[in-house]
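Visitor: Before I ask anything, let me first share the structure, which is written out below as structure tokens.
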Amino acid sequence: MVILGINYYFHDSTACLVVNGKLEAAIEEERLNRDKHTRVFPQKAIDRCLKIANKTYDDIDYIAISIKPTHNLNKKLGHCVKNLKSFKPFINHEFVHAYNKQKGFWNWYNYHWSTKKKWP
């Protein structure tokens, strides 16, 4: 079983590849694009992990993404109500930013994955 792990919701975008329960490769996108604490989708890191492990997109069985935008949402909303100055940055970060990140993932998925992967 081959699992591709992706972390890019916050800064320090990364990718890793786990093959049969063993970590084969893990790399931060910033090591490849030279942009410290980068937030971009880790395309280069994914490609490098696949190359290190000698795998292709067709070999990937699962994709794991470290994102849960609703985590502690009630606590965050309570903080916004108490601190109205933080309302606009909160909306921008928690909703607009999250939407754009998820949109970026689905664009990648549709281009690199869904057209190439044959489901059982």
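By convention here, the chains of the structure tokens are called A, B, ... in the order presented, each chain's residues are numbered starting at 1, and ligands are numbered starting at 1 in the order presented.
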Mind the document's chain letters and residue numbers, and return as a ChimeraX atom specification the residues of chain A that DSSP labels helix (DSSP H, G or I).
Guide: /A:30-33,43-52,57-59,73-82,84-114
Visitor: Tell me, counting only C-alpha atoms, for each residue of range 18-63 of chain A within 9 Å of range 108-112 of chain A, which pair of atoms is nearest and how far apart they are in Å to one decimal, in rows ordered by chain and increasing number, as a tab-separated table.
Guide:
residue	atom	partner	partner_atom	distance
A:Phe41	CA	A:Trp108	CA	8.6
A:Gln43	CA	A:Trp108	CA	8.5
A:Tyr57	CA	A:His112	CA	7.6
Visitor: Go ahead and save the residues from that selection, with C-alpha atoms, as a PDB file, in the first residue's frame.
Guide:
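Final file, part18.pdb:
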ATOM      1  CA  PHE A  41       0.975  23.459  -2.874  1.00  0.00           C
ATOM      2  CA  GLN A  43       4.038  19.841  -6.110  1.00  0.00           C
ATOM      3  CA  TYR A  57       1.057   8.501  -9.516  1.00  0.00           C
TER       4      TYR A  57
END
Visitor: Under the rule that only C-alpha atoms are counted, which of A:Met1, A:Ala25, A:Cys16, A:Val81 is the nearest residue to Tyr62 in chain A?
Guide: A:Met1
Visitor: Report as a ChimeraX atom specification: the residues of range 25-92 of chain A with a DSSP assignment of strand (DSSP E), based on the backbone of this structure.
Guide: /A:25-28,62-65
Visitor: Could you write those residues out with N, CA and C atoms, as a PDB file, in the first residue's frame?
Guide:
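Saved as again.pdb:
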ATOM      1  N   ALA A  25       9.965   8.512   1.923  1.00  0.00           N
ATOM      2  CA  ALA A  25      10.480   9.832   1.586  1.00  0.00           C
ATOM      3  C   ALA A  25       9.617  10.900   2.244  1.00  0.00           C
ATOM      4  N   ALA A  26      10.252  11.990   2.645  1.00  0.00           N
ATOM      5  CA  ALA A  26       9.554  13.160   3.191  1.00  0.00           C
ATOM      6  C   ALA A  26      10.415  14.378   2.924  1.00  0.00           C
ATOM      7  N   ILE A  27       9.799  15.446   2.431  1.00  0.00           N
ATOM      8  CA  ILE A  27      10.580  16.641   2.114  1.00  0.00           C
ATOM      9  C   ILE A  27       9.685  17.873   2.173  1.00  0.00           C
ATOM     10  N   GLU A  28      10.277  18.973   2.624  1.00  0.00           N
ATOM     11  CA  GLU A  28       9.573  20.246   2.626  1.00  0.00           C
ATOM     12  C   GLU A  28       9.711  20.915   1.263  1.00  0.00           C
ATOM     13  N   TYR A  62      -3.636   5.796  -1.628  1.00  0.00           N
ATOM     14  CA  TYR A  62      -4.390   6.749  -0.811  1.00  0.00           C
ATOM     15  C   TYR A  62      -3.645   8.071  -0.728  1.00  0.00           C
ATOM     16  N   ILE A  63      -4.422   9.148  -0.507  1.00  0.00           N
ATOM     17  CA  ILE A  63      -3.854  10.462  -0.259  1.00  0.00           C
ATOM     18  C   ILE A  63      -4.349  10.916   1.106  1.00  0.00           C
ATOM     19  N   ALA A  64      -3.421  11.311   1.968  1.00  0.00           N
ATOM     20  CA  ALA A  64      -3.765  11.823   3.301  1.00  0.00           C
ATOM     21  C   ALA A  64      -3.399  13.304   3.345  1.00  0.00           C
ATOM     22  N   ILE A  65      -4.341  14.122   3.792  1.00  0.00           N
ATOM     23  CA  ILE A  65      -4.128  15.568   3.835  1.00  0.00           C
ATOM     24  C   ILE A  65      -4.333  16.058   5.265  1.00  0.00           C
TER      25      ILE A  65
END
Visitor: Would you compute the distance between CA of Ala53 in chain A and CA of Lys36 in chain A? Give it in Å to one decimal.
Guide: 25.0 Å
Visitor: Between A:Ala45, A:Leu84, A:Leu32, A:Val19, which is the closest to Ile6 in chain A once you count only C-alpha atoms?
Guide: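 Checking each candidate against Ile6 in chain A, we get A:Ala45 as the closest.
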Visitor: From the list A:Leu4, A:Cys80, A:Val18, A:Leu23, which residue is nearest Ile46 in chain A when using only C-alpha atoms?
Guide: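 For Ile46 in chain A, the nearest of the given residues is A:Leu4.
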Visitor: Work out how far CA of Lys82 in chain A is from CA of Val96 in chain A, in Å to one decimal.
Guide: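 Those two atoms sit 21.3 Å apart.
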Visitor: Between CA of Asp58 in chain A and CA of Leu17 in chain A, what is the spacing in Å?
Guide: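 Atom-to-atom, CA of Leu17 in chain A and CA of Asp58 in chain A are spaced 13.4 Å apart.
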Visitor: Pick out the residues sitting within 12 Å of Asn54 in chain A, and hand them over as an MDAnalysis selection string; count only C-alpha atoms, and ignore anything fewer than 5 positions along from it in its own chain.
Guide: chainID A and resid 2 17 19 24:25 47:49 59:60
